[in-house]
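Trainee: My structure is below; once you've seen it, I'll send some questions.
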Amino acid sequence: MSASDLHSEPKTIIDDMSNDGTPTKLWGLAAEFTTPAAITSAAKKVREANYRWWDCHVPFPVHGLDFAMGVQYTILPIIVFFGGLTGTCIALLLQIFTNSLEVNIWAIVPVVGYQFEVSGKPLISLPAFIPVTFELTVLLSALTTVGGMFLLNKLPCLYHPVLKSTKMNRMTDDRFYLVIESRDPNFVRPQTEALLESLDPVAIHELED
Amino acid sequence: MTALDRSTLSLGGLGSTGMAGGGLIGVGGIGATIALAASSSSWAVFWKSYLFGFMVITGVSLGALFFVMLQHITRAGWSVSLRRLAEGLASNLRWLWLAFVPVIVMVWMGEGAILYPWADPAIVSHDVVLQKKAGYLNPTFWSIRAICFLVIWAALAQFFVGQSVGQDHDGDLARTRRMQTAAPVGIMLYALSQTFAGVDWVMSLEPTWFSTMFGVYWFAVSVTGFFSCLILFATFLQSNGRMQGAISKEHYQDMGKLLFAFGVVFWAYIGYSQYMLIWYANIPIETGWFLPRQMGNWKWVSLLLVFGHFMLPFLLLVSRWPKRWNKSLSVIAVWMVLMMIVDVYWLVMPTLPVKAAHDAESLIQLMDQVDSGAVSVGWNLSILNFTAVVGMLGLLVAGTFMALRRCSLVPVSDPRLSESLDFENI
């Protein structure tokens, strides 16, 4: 798809129809808005109507939209804390075991760490272990942050119905879309469409799975 | 979000209350310290306590000056509504030189040896290291440097506070540009002067010892004190009905972040780096400074700093909600102010008597002597320490309220004020 196509209006309805003539399943309804304020107040009303499977697609982060949608604050920091704590423990145990381990497995296999004495310091010298501990804590925190972010966002997402149709192309440019999915227990076509209609959008689009 | 209530932007009666209360505590504290010292003629304890108290309030005011200049360098929008509070704290630098004049006079009169061994010709004549350092550490050059630092700080504080308050009245945007041009130059002067002041005033208490990291450590101490005091100051004013709608949860969260970053993590990073290098190399001329700090009761103070200045506040401040909830943040800020005061005390007070160190046959024997009280390493917890630091803090409060009593508590004509009021963390 060329860049000019991205900005053009959907040419024909056939664009979004599967060509083999099989009936397509309705995935959701999208209401199109022109301003951040409009979608924020719309989101508040949809939230009050107790919908669960719905989302907003906007070209830039809109302040207060997540609050209006009632999005819960992420649990990622808690996961990252334990990721970092794991790093701390691994680093400390690694250094303590390798520096000072001295055990016999079943009294026949002697296991001795690489006991390397530096300038008369004790084998377990916490001040010397801090740099490795710090680095490993940071490393595992960072990896947990990125990995946890991908998991919580259900990424990578190779297919999404919103991207199938060209109707919502302007969500990366200058339009704001509120989508209610048909799998929502409260989704009943006429009522949901009436609700979206009452939010005063510029258009309502059908999205197929 | 509540709108800015412009009728709550002046100190009003709080100004004279704060000035009178702080002034009374200040004069009373310093007066009591002098009276107690005179009655027991313990002038050595007096000067150390005085220096300790002075370094605490200088640290807070210097941190404030750093913050103000940093906001102009980065052209920060978020901080505009609380910048005036930092300016109020920084404006203490306009009179703090007065409090240091007695120390300069003392050193100038040849009595500096009470605090600084390098000022005593008898000690220097027996110490080849101090003879080599005499070109830098001598009363004349030391006093000239001290005057330079105090003048630089007073001038910077006068400029930034004066321009900002002036803009309240005329709304002149040229003032914002002027401050943005001056801030980078100012912060370079600041970095040099505050580093050398730390070296001159605190590190030279132990003149044979040196650490290239000491200036940065002193900076970490001072910003810890400042960010804690800023949080407490803002909370105090808002709970007294001032600055309604000017400072939101978002601002408190960011002040908490800065306290976490500078006062907890950066402080620990610098403190650890300084300790680790000296500990690993294990050279007597470097370890001599840490020796008294690990003896007798000082080892508990050192451990208190590790756990109370780093571990505990790290766990308390790392989450989002304690920074956004006013009560928890102010409790943590009170704790951090206390820790900063303990930190300065730990920097200024301990000394290992040279004679005792020479006479001891072994380190074990020396440590036994310290534990039994036969040798003192500066742990003579005296009432003078408390009266001095409480008096100095009283002066800080009085000076801050005096600076802010006639002006608005928010830079009302700053071009970025609305950006600050709308500020939100993402």
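Chain labels A, B, ... are given in the sequence in which chains occur in the structure tokens; within each chain residues are numbered consecutively from 1, and ligands are likewise numbered from 1 in the order shown.
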When you look at Asp55 (chain A) with a cut-off of 9 Å (counting only C-alpha atoms), what residues show up, excluding the ones that are within fewer than 3 positions of it in the same chain? I need them as a short mmCIF file (atom, residue, chain, number, x, y, z; two decimals) with N, CA and C atoms, in the first residue's frame.
Mentor:
```
data_model
loop_
_atom_site.label_atom_id
_atom_site.label_comp_id
_atom_site.auth_asym_id
_atom_site.auth_seq_id
_atom_site.Cartn_x
_atom_site.Cartn_y
_atom_site.Cartn_z
N ALA A 43 -15.68 7.86 25.69
CA ALA A 43 -15.13 6.72 26.42
C ALA A 43 -15.77 6.61 27.80
N ARG A 52 -17.05 -4.30 28.28
CA ARG A 52 -15.79 -4.85 28.75
C ARG A 52 -14.78 -4.97 27.61
N MET A 69 -11.45 5.78 30.36
CA MET A 69 -11.79 4.41 29.99
C MET A 69 -11.83 3.49 31.20
N TYR A 177 -10.84 6.78 17.17
CA TYR A 177 -11.84 5.72 17.00
C TYR A 177 -12.11 5.01 18.31
N LEU A 178 -13.36 4.76 18.56
CA LEU A 178 -13.76 3.95 19.70
C LEU A 178 -14.41 2.68 19.15
N VAL A 179 -13.84 1.52 19.52
CA VAL A 179 -14.32 0.25 18.96
C VAL A 179 -14.91 -0.61 20.06
N ILE A 180 -16.16 -1.06 19.84
CA ILE A 180 -16.76 -2.04 20.76
C ILE A 180 -16.81 -3.37 20.03
N GLU A 181 -16.25 -4.40 20.67
CA GLU A 181 -16.17 -5.71 20.00
C GLU A 181 -17.47 -6.48 20.19
#
```
Trainee: Run DSSP on the backbone of this structure and report the residues of region 24-198 of chain A it assigns to strand (DSSP E or B), as a ChimeraX atom specification.
Mentor: /A:26-33,54-57,102-105,109-112,176-181
Trainee: Would you mind exporting N, CA and C atoms of the selected residues as a short mmCIF file (atom, residue, chain, number, x, y, z; two decimals), in the first residue's frame?
Mentor:
```cif
data_model
loop_
_atom_site.label_atom_id
_atom_site.label_comp_id
_atom_site.auth_asym_id
_atom_site.auth_seq_id
_atom_site.Cartn_x
_atom_site.Cartn_y
_atom_site.Cartn_z
N LEU A 26 -19.28 -10.22 11.92
CA LEU A 26 -19.06 -8.88 12.48
C LEU A 26 -18.12 -8.98 13.69
N TRP A 27 -17.05 -8.24 13.65
CA TRP A 27 -16.08 -8.28 14.78
C TRP A 27 -16.36 -7.16 15.79
N GLY A 28 -16.80 -6.03 15.24
CA GLY A 28 -17.08 -4.92 16.15
C GLY A 28 -17.57 -3.71 15.41
N LEU A 29 -17.92 -2.70 16.20
CA LEU A 29 -18.38 -1.44 15.61
C LEU A 29 -17.43 -0.33 16.04
N ALA A 30 -17.05 0.52 15.10
CA ALA A 30 -16.13 1.61 15.40
C ALA A 30 -16.83 2.94 15.21
N ALA A 31 -16.72 3.81 16.22
CA ALA A 31 -17.24 5.17 16.09
C ALA A 31 -16.07 6.11 15.87
N GLU A 32 -16.22 7.01 14.90
CA GLU A 32 -15.11 7.89 14.53
C GLU A 32 -15.35 9.29 15.10
N PHE A 33 -14.31 9.84 15.76
CA PHE A 33 -14.40 11.19 16.34
C PHE A 33 -13.29 12.07 15.78
N TRP A 54 -13.74 -3.43 24.73
CA TRP A 54 -13.76 -2.26 23.84
C TRP A 54 -12.44 -1.53 23.99
N ASP A 55 -12.13 -0.67 23.02
CA ASP A 55 -10.82 0.01 23.06
C ASP A 55 -10.90 1.31 22.26
N CYS A 56 -9.89 2.15 22.48
CA CYS A 56 -9.79 3.39 21.72
C CYS A 56 -8.53 3.37 20.88
N HIS A 57 -8.63 3.83 19.66
CA HIS A 57 -7.47 3.89 18.77
C HIS A 57 -7.25 5.34 18.36
N GLU A 102 32.74 -24.85 49.39
CA GLU A 102 33.59 -25.98 49.74
C GLU A 102 32.71 -27.09 50.29
N VAL A 103 32.23 -28.00 49.41
CA VAL A 103 31.35 -29.07 49.87
C VAL A 103 31.80 -30.40 49.26
N ASN A 104 31.39 -31.47 49.90
CA ASN A 104 31.59 -32.80 49.35
C ASN A 104 30.24 -33.39 49.03
N ILE A 105 30.03 -33.76 47.75
CA ILE A 105 28.76 -34.36 47.37
C ILE A 105 28.84 -35.84 47.69
N VAL A 109 32.57 -36.60 46.13
CA VAL A 109 32.93 -35.63 45.08
C VAL A 109 33.22 -34.29 45.75
N PRO A 110 34.46 -33.88 45.86
CA PRO A 110 34.75 -32.58 46.45
C PRO A 110 34.48 -31.46 45.45
N VAL A 111 33.71 -30.49 45.89
CA VAL A 111 33.45 -29.32 45.04
C VAL A 111 34.03 -28.10 45.74
N VAL A 112 35.00 -27.48 45.11
CA VAL A 112 35.64 -26.32 45.72
C VAL A 112 35.53 -25.15 44.77
N PHE A 176 -10.01 9.81 15.71
CA PHE A 176 -10.02 9.08 16.98
C PHE A 176 -11.15 8.06 16.91
N TYR A 177 -10.84 6.78 17.17
CA TYR A 177 -11.84 5.72 17.00
C TYR A 177 -12.11 5.01 18.31
N LEU A 178 -13.36 4.76 18.56
CA LEU A 178 -13.76 3.95 19.70
C LEU A 178 -14.41 2.68 19.15
N VAL A 179 -13.84 1.52 19.52
CA VAL A 179 -14.32 0.25 18.96
C VAL A 179 -14.91 -0.61 20.06
N ILE A 180 -16.16 -1.06 19.84
CA ILE A 180 -16.76 -2.04 20.76
C ILE A 180 -16.81 -3.37 20.03
N GLU A 181 -16.25 -4.40 20.67
CA GLU A 181 -16.17 -5.71 20.00
C GLU A 181 -17.47 -6.48 20.19
#
```
Trainee: Closest to chain B among A:Trp53, A:Phe129, A:Tyr114, A:Phe150, using only C-alpha atoms?
Mentor: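 Ranking A:Trp53, A:Phe129, A:Tyr114, A:Phe150 by distance to chain B, first place goes to A:Phe129.
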Trainee: What's around Trp321 (chain B) at 12 Å? Count only C-alpha atoms, leave out sequence neighbours fewer than 5 positions away in its own chain, and write the answer as a list in words.
Mentor: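 In the requested form, the answer reads Tyr73 and Pro77 of chain A; Lys249, Glu250, Tyr252, Gln253, Asp254, Gly256, Lys257, Leu316, Asn326, Lys327, Ser328 and Leu329 of chain B.
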Trainee: Just N, CA and C atoms for this one: save the residues we selected as a short mmCIF file (atom, residue, chain, number, x, y, z; two decimals), in the first residue's frame.
Mentor:
```
data_model
loop_
_atom_site.label_atom_id
_atom_site.label_comp_id
_atom_site.auth_asym_id
_atom_site.auth_seq_id
_atom_site.Cartn_x
_atom_site.Cartn_y
_atom_site.Cartn_z
N TYR A 73 -4.23 0.66 36.50
CA TYR A 73 -2.80 0.94 36.44
C TYR A 73 -2.05 -0.37 36.29
N PRO A 77 5.32 -2.72 37.24
CA PRO A 77 6.35 -2.41 38.23
C PRO A 77 6.56 -3.51 39.26
N LYS B 249 -0.69 16.44 42.90
CA LYS B 249 -0.10 15.12 43.13
C LYS B 249 1.04 14.85 42.15
N GLU B 250 0.84 15.33 40.92
CA GLU B 250 1.85 15.07 39.89
C GLU B 250 3.17 15.73 40.27
N TYR B 252 4.12 16.45 43.37
CA TYR B 252 4.69 15.73 44.51
C TYR B 252 5.37 14.45 44.03
N GLN B 253 4.74 13.79 43.06
CA GLN B 253 5.36 12.56 42.57
C GLN B 253 6.73 12.85 41.97
N ASP B 254 6.83 13.97 41.24
CA ASP B 254 8.12 14.29 40.62
C ASP B 254 9.15 14.72 41.66
N GLY B 256 9.19 13.57 44.63
CA GLY B 256 9.57 12.28 45.22
C GLY B 256 10.56 11.54 44.34
N LYS B 257 10.33 11.60 43.02
CA LYS B 257 11.26 10.94 42.09
C LYS B 257 12.65 11.55 42.22
N LEU B 316 10.93 2.34 50.20
CA LEU B 316 9.74 3.15 50.43
C LEU B 316 9.40 4.00 49.21
N ASN B 326 0.31 12.26 49.83
CA ASN B 326 1.00 13.33 50.53
C ASN B 326 1.56 12.92 51.89
N LYS B 327 0.78 12.14 52.66
CA LYS B 327 1.19 11.80 54.02
C LYS B 327 2.44 10.94 54.02
N SER B 328 2.44 9.89 53.18
CA SER B 328 3.61 9.02 53.19
C SER B 328 4.83 9.77 52.68
N LEU B 329 4.64 10.62 51.66
CA LEU B 329 5.79 11.35 51.12
C LEU B 329 6.38 12.29 52.17
#
```
Trainee: Give as a short mmCIF file (atom, residue, chain, number, x, y, z; two decimals) with N, CA and C atoms, in the first residue's frame every residue of chain B that touches chain A within 12 Å, counting only C-alpha atoms.
Mentor:
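Saved the output as iface-v3.cif:
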```
data_model
loop_
_atom_site.label_atom_id
_atom_site.label_comp_id
_atom_site.auth_asym_id
_atom_site.auth_seq_id
_atom_site.Cartn_x
_atom_site.Cartn_y
_atom_site.Cartn_z
N MET B 1 -8.81 17.90 38.79
CA MET B 1 -7.77 18.92 38.97
C MET B 1 -8.42 20.23 39.44
N VAL B 265 19.50 7.12 45.51
CA VAL B 265 20.30 6.29 44.63
C VAL B 265 21.64 6.96 44.30
N ALA B 268 23.87 6.98 47.35
CA ALA B 268 24.45 5.67 47.64
C ALA B 268 25.53 5.32 46.62
N TYR B 269 25.29 5.65 45.37
CA TYR B 269 26.26 5.37 44.31
C TYR B 269 27.57 6.06 44.59
N GLY B 271 28.59 7.46 47.53
CA GLY B 271 29.14 7.03 48.80
C GLY B 271 29.81 5.67 48.69
N TYR B 272 29.14 4.76 47.97
CA TYR B 272 29.71 3.43 47.80
C TYR B 272 30.99 3.49 46.96
N SER B 273 30.96 4.25 45.87
CA SER B 273 32.13 4.31 44.98
C SER B 273 33.34 4.83 45.75
N GLN B 274 33.11 5.85 46.58
CA GLN B 274 34.21 6.40 47.37
C GLN B 274 34.74 5.36 48.35
N TYR B 275 33.80 4.66 49.00
CA TYR B 275 34.21 3.69 50.01
C TYR B 275 34.92 2.50 49.36
N MET B 276 34.33 2.00 48.26
CA MET B 276 34.84 0.76 47.67
C MET B 276 36.28 0.93 47.19
N LEU B 277 36.58 2.06 46.54
CA LEU B 277 37.94 2.25 46.02
C LEU B 277 38.95 2.30 47.16
N ILE B 278 38.58 2.99 48.25
CA ILE B 278 39.49 3.11 49.37
C ILE B 278 39.63 1.77 50.09
N TRP B 279 38.52 1.08 50.25
CA TRP B 279 38.52 -0.22 50.92
C TRP B 279 39.36 -1.22 50.14
N TYR B 280 39.22 -1.23 48.80
CA TYR B 280 39.91 -2.22 47.99
C TYR B 280 41.41 -1.97 47.96
N ALA B 281 41.79 -0.69 47.79
CA ALA B 281 43.22 -0.37 47.69
C ALA B 281 43.89 -0.54 49.05
N ASN B 282 43.16 -0.17 50.12
CA ASN B 282 43.66 -0.42 51.47
C ASN B 282 45.00 0.27 51.74
N ILE B 283 45.12 1.54 51.35
CA ILE B 283 46.34 2.30 51.60
C ILE B 283 46.10 3.16 52.84
N PHE B 314 14.91 3.52 49.77
CA PHE B 314 14.83 2.92 48.43
C PHE B 314 13.54 2.11 48.31
N LEU B 315 13.31 1.24 49.30
CA LEU B 315 12.10 0.41 49.25
C LEU B 315 10.84 1.26 49.41
N VAL B 318 10.44 3.55 45.94
CA VAL B 318 10.55 2.99 44.60
C VAL B 318 9.17 2.86 43.95
N SER B 319 8.12 2.69 44.75
CA SER B 319 6.78 2.55 44.17
C SER B 319 6.18 3.91 43.84
N ARG B 320 5.08 3.85 43.11
CA ARG B 320 4.46 5.09 42.64
C ARG B 320 3.60 5.73 43.73
N TRP B 321 2.80 4.91 44.41
CA TRP B 321 1.80 5.51 45.31
C TRP B 321 2.39 6.25 46.51
N ASP B 422 -0.88 22.40 34.29
CA ASP B 422 -1.53 21.29 33.59
C ASP B 422 -0.69 20.03 33.60
N PHE B 423 0.45 20.06 34.28
CA PHE B 423 1.40 18.96 34.19
C PHE B 423 0.81 17.64 34.69
N GLU B 424 1.07 16.58 33.89
CA GLU B 424 0.65 15.25 34.28
C GLU B 424 1.74 14.25 33.97
N ASN B 425 1.99 13.34 34.88
CA ASN B 425 2.88 12.22 34.57
C ASN B 425 2.11 11.26 33.67
N ILE B 426 2.79 10.72 32.64
CA ILE B 426 2.12 9.76 31.75
C ILE B 426 2.19 8.39 32.42
#
```
Trainee: Got a sec: who's within 12 Å of Gly28 (chain B), counting only C-alpha atoms, leaving out chain neighbours fewer than 2 positions off, as a ChimeraX atom specification?
Mentor: /B:20-26,30-36,387-395
Trainee: Just list as a ChimeraX atom specification whatever in region 105-171 of chain A DSSP marks as helix (DSSP H, G or I).
Mentor: /A:126-152,161-164,169-171
Trainee: Can you list, as a list in words, every protein, DNA or RNA residue that comes within 12 Å of Leu85 (chain A) when you count only C-alpha atoms, leaving out same-chain residues fewer than 2 positions away?
Mentor: Ile78, Ile79, Val80, Phe81, Phe82, Gly83, Gly87, Thr88, Cys89, Ile90, Ala91, Leu92, Thr133, Phe134, Glu135, Leu136, Thr137, Val138, Leu139, Leu140, Ser141, Ala142 and Thr144 of chain A; Leu315 of chain B
Trainee: Output N, CA and C atoms for every residue in the selection just made, as an mmCIF file, in the first residue's frame.
Mentor:
```
data_model
loop_
_atom_site.group_PDB
_atom_site.id
_atom_site.type_symbol
_atom_site.label_atom_id
_atom_site.label_comp_id
_atom_site.auth_asym_id
_atom_site.auth_seq_id
_atom_site.Cartn_x
_atom_site.Cartn_y
_atom_site.Cartn_z
ATOM 1 N N ILE A 78 5.471 -4.193 39.657
ATOM 2 C CA ILE A 78 5.614 -5.250 40.658
ATOM 3 C C ILE A 78 6.407 -6.412 40.060
ATOM 4 N N ILE A 79 6.092 -6.756 38.802
ATOM 5 C CA ILE A 79 6.823 -7.834 38.140
ATOM 6 C C ILE A 79 8.297 -7.452 38.032
ATOM 7 N N VAL A 80 8.555 -6.177 37.658
ATOM 8 C CA VAL A 80 9.935 -5.730 37.489
ATOM 9 C C VAL A 80 10.692 -5.789 38.821
ATOM 10 N N PHE A 81 9.994 -5.443 39.920
ATOM 11 C CA PHE A 81 10.654 -5.485 41.228
ATOM 12 C C PHE A 81 11.162 -6.893 41.512
ATOM 13 N N PHE A 82 10.311 -7.894 41.251
ATOM 14 C CA PHE A 82 10.745 -9.254 41.539
ATOM 15 C C PHE A 82 11.789 -9.727 40.530
ATOM 16 N N GLY A 83 11.696 -9.220 39.284
ATOM 17 C CA GLY A 83 12.755 -9.516 38.309
ATOM 18 C C GLY A 83 14.094 -8.995 38.799
ATOM 19 N N GLY A 87 17.666 -10.898 40.065
ATOM 20 C CA GLY A 87 19.026 -10.555 39.639
ATOM 21 C C GLY A 87 19.953 -10.372 40.825
ATOM 22 N N THR A 88 19.467 -9.663 41.856
ATOM 23 C CA THR A 88 20.274 -9.439 43.058
ATOM 24 C C THR A 88 20.685 -10.771 43.677
ATOM 25 N N CYS A 89 19.691 -11.671 43.812
ATOM 26 C CA CYS A 89 19.971 -12.948 44.472
ATOM 27 C C CYS A 89 20.924 -13.792 43.643
ATOM 28 N N ILE A 90 20.674 -13.873 42.323
ATOM 29 C CA ILE A 90 21.550 -14.675 41.462
ATOM 30 C C ILE A 90 22.984 -14.168 41.582
ATOM 31 N N ALA A 91 23.149 -12.835 41.509
ATOM 32 C CA ALA A 91 24.502 -12.272 41.530
ATOM 33 C C ALA A 91 25.203 -12.579 42.847
ATOM 34 N N LEU A 92 24.496 -12.378 43.954
ATOM 35 C CA LEU A 92 25.129 -12.611 45.255
ATOM 36 C C LEU A 92 25.465 -14.090 45.427
ATOM 37 N N THR A 133 26.496 -7.310 41.493
ATOM 38 C CA THR A 133 25.113 -7.384 41.976
ATOM 39 C C THR A 133 24.270 -6.265 41.367
ATOM 40 N N PHE A 134 24.829 -5.058 41.360
ATOM 41 C CA PHE A 134 24.132 -3.906 40.787
ATOM 42 C C PHE A 134 23.827 -4.148 39.311
ATOM 43 N N GLU A 135 24.858 -4.591 38.570
ATOM 44 C CA GLU A 135 24.667 -4.760 37.130
ATOM 45 C C GLU A 135 23.625 -5.827 36.832
ATOM 46 N N LEU A 136 23.689 -6.943 37.561
ATOM 47 C CA LEU A 136 22.749 -8.018 37.276
ATOM 48 C C LEU A 136 21.322 -7.625 37.678
ATOM 49 N N THR A 137 21.215 -6.834 38.742
ATOM 50 C CA THR A 137 19.890 -6.335 39.136
ATOM 51 C C THR A 137 19.313 -5.462 38.033
ATOM 52 N N VAL A 138 20.151 -4.570 37.510
ATOM 53 C CA VAL A 138 19.689 -3.672 36.439
ATOM 54 C C VAL A 138 19.340 -4.478 35.195
ATOM 55 N N LEU A 139 20.201 -5.450 34.853
ATOM 56 C CA LEU A 139 19.977 -6.238 33.637
ATOM 57 C C LEU A 139 18.648 -6.983 33.707
ATOM 58 N N LEU A 140 18.430 -7.714 34.819
ATOM 59 C CA LEU A 140 17.185 -8.488 34.909
ATOM 60 C C LEU A 140 15.967 -7.575 35.029
ATOM 61 N N SER A 141 16.122 -6.419 35.692
ATOM 62 C CA SER A 141 15.007 -5.460 35.741
ATOM 63 C C SER A 141 14.656 -5.003 34.338
ATOM 64 N N ALA A 142 15.673 -4.668 33.550
ATOM 65 C CA ALA A 142 15.430 -4.153 32.204
ATOM 66 C C ALA A 142 14.796 -5.223 31.329
ATOM 67 N N THR A 144 13.074 -7.805 32.313
ATOM 68 C CA THR A 144 11.709 -8.047 32.788
ATOM 69 C C THR A 144 10.777 -6.930 32.325
ATOM 70 N N LEU B 315 13.310 1.242 49.300
ATOM 71 C CA LEU B 315 12.105 0.415 49.252
ATOM 72 C C LEU B 315 10.844 1.261 49.407
#
```
Trainee: Show which residues sit within 9 Å of Leu76 (chain A), as number ranges by chain. Count only C-alpha atoms, and ignore same-chain residues fewer than 6 positions away.
Mentor: A: 144-145, 148-149, 152
Trainee: For Phe262 (chain B), please output as a ChimeraX atom specification all residues within 9 Å (counting only C-alpha atoms; exclusion window: fewer than 6 positions along the same chain).
Mentor: /B:220-221,223-224,227
Trainee: Would you export the selected residues with N, CA and C atoms as a PDB file, in the first residue's frame, please?
Mentor:
```
ATOM      1  N   ALA B 220      25.768  15.473  46.762  1.00  0.00           N
ATOM      2  CA  ALA B 220      24.679  14.515  46.999  1.00  0.00           C
ATOM      3  C   ALA B 220      24.023  14.782  48.349  1.00  0.00           C
ATOM      4  N   VAL B 221      24.844  15.097  49.360  1.00  0.00           N
ATOM      5  CA  VAL B 221      24.303  15.419  50.686  1.00  0.00           C
ATOM      6  C   VAL B 221      23.392  16.637  50.585  1.00  0.00           C
ATOM      7  N   VAL B 223      21.784  18.031  47.956  1.00  0.00           N
ATOM      8  CA  VAL B 223      20.507  17.892  47.237  1.00  0.00           C
ATOM      9  C   VAL B 223      19.536  16.997  47.994  1.00  0.00           C
ATOM     10  N   THR B 224      20.055  16.036  48.760  1.00  0.00           N
ATOM     11  CA  THR B 224      19.169  15.237  49.618  1.00  0.00           C
ATOM     12  C   THR B 224      18.405  16.162  50.560  1.00  0.00           C
ATOM     13  N   PHE B 227      15.779  18.488  48.464  1.00  0.00           N
ATOM     14  CA  PHE B 227      14.538  17.901  47.964  1.00  0.00           C
ATOM     15  C   PHE B 227      13.611  17.509  49.109  1.00  0.00           C
TER      16      PHE B 227
END
```
Trainee: Please measure the separation of CA of Ala398 (chain B) and CA of Ile144 (chain B), giving the value in Å to one decimal.
Mentor: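 Going from CA of Ala398 (chain B) over to CA of Ile144 (chain B), I get 28.5 Å.
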Trainee: In Å, how far is it from CA of Asn297 (chain B) to CA of Leu115 (chain B)?
Mentor: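 Between CA of Asn297 (chain B) and CA of Leu115 (chain B) the gap is 21.7 Å.
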Trainee: Considering only C-alpha atoms, can you say which of B:Leu51, B:Ile285, B:Met255, B:Leu14 comes closest to Val129 (chain B)?
Mentor: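 Between B:Leu51, B:Ile285, B:Met255, B:Leu14, the residue approaching Val129 (chain B) most closely is B:Ile285.
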Trainee: Using only C-alpha atoms, pick whichever of B:Asp5, B:Glu206, B:Asp414, B:Glu419 has the shortest atom-to-atom distance to His169 (chain B).
Mentor: B:Asp414
Trainee: Smallest atom-to-atom distance to Ala42 (chain A): which of A:Ala68, A:Ala203, A:Leu94, A:Gln115, using only C-alpha atoms?
Mentor: A:Ala68
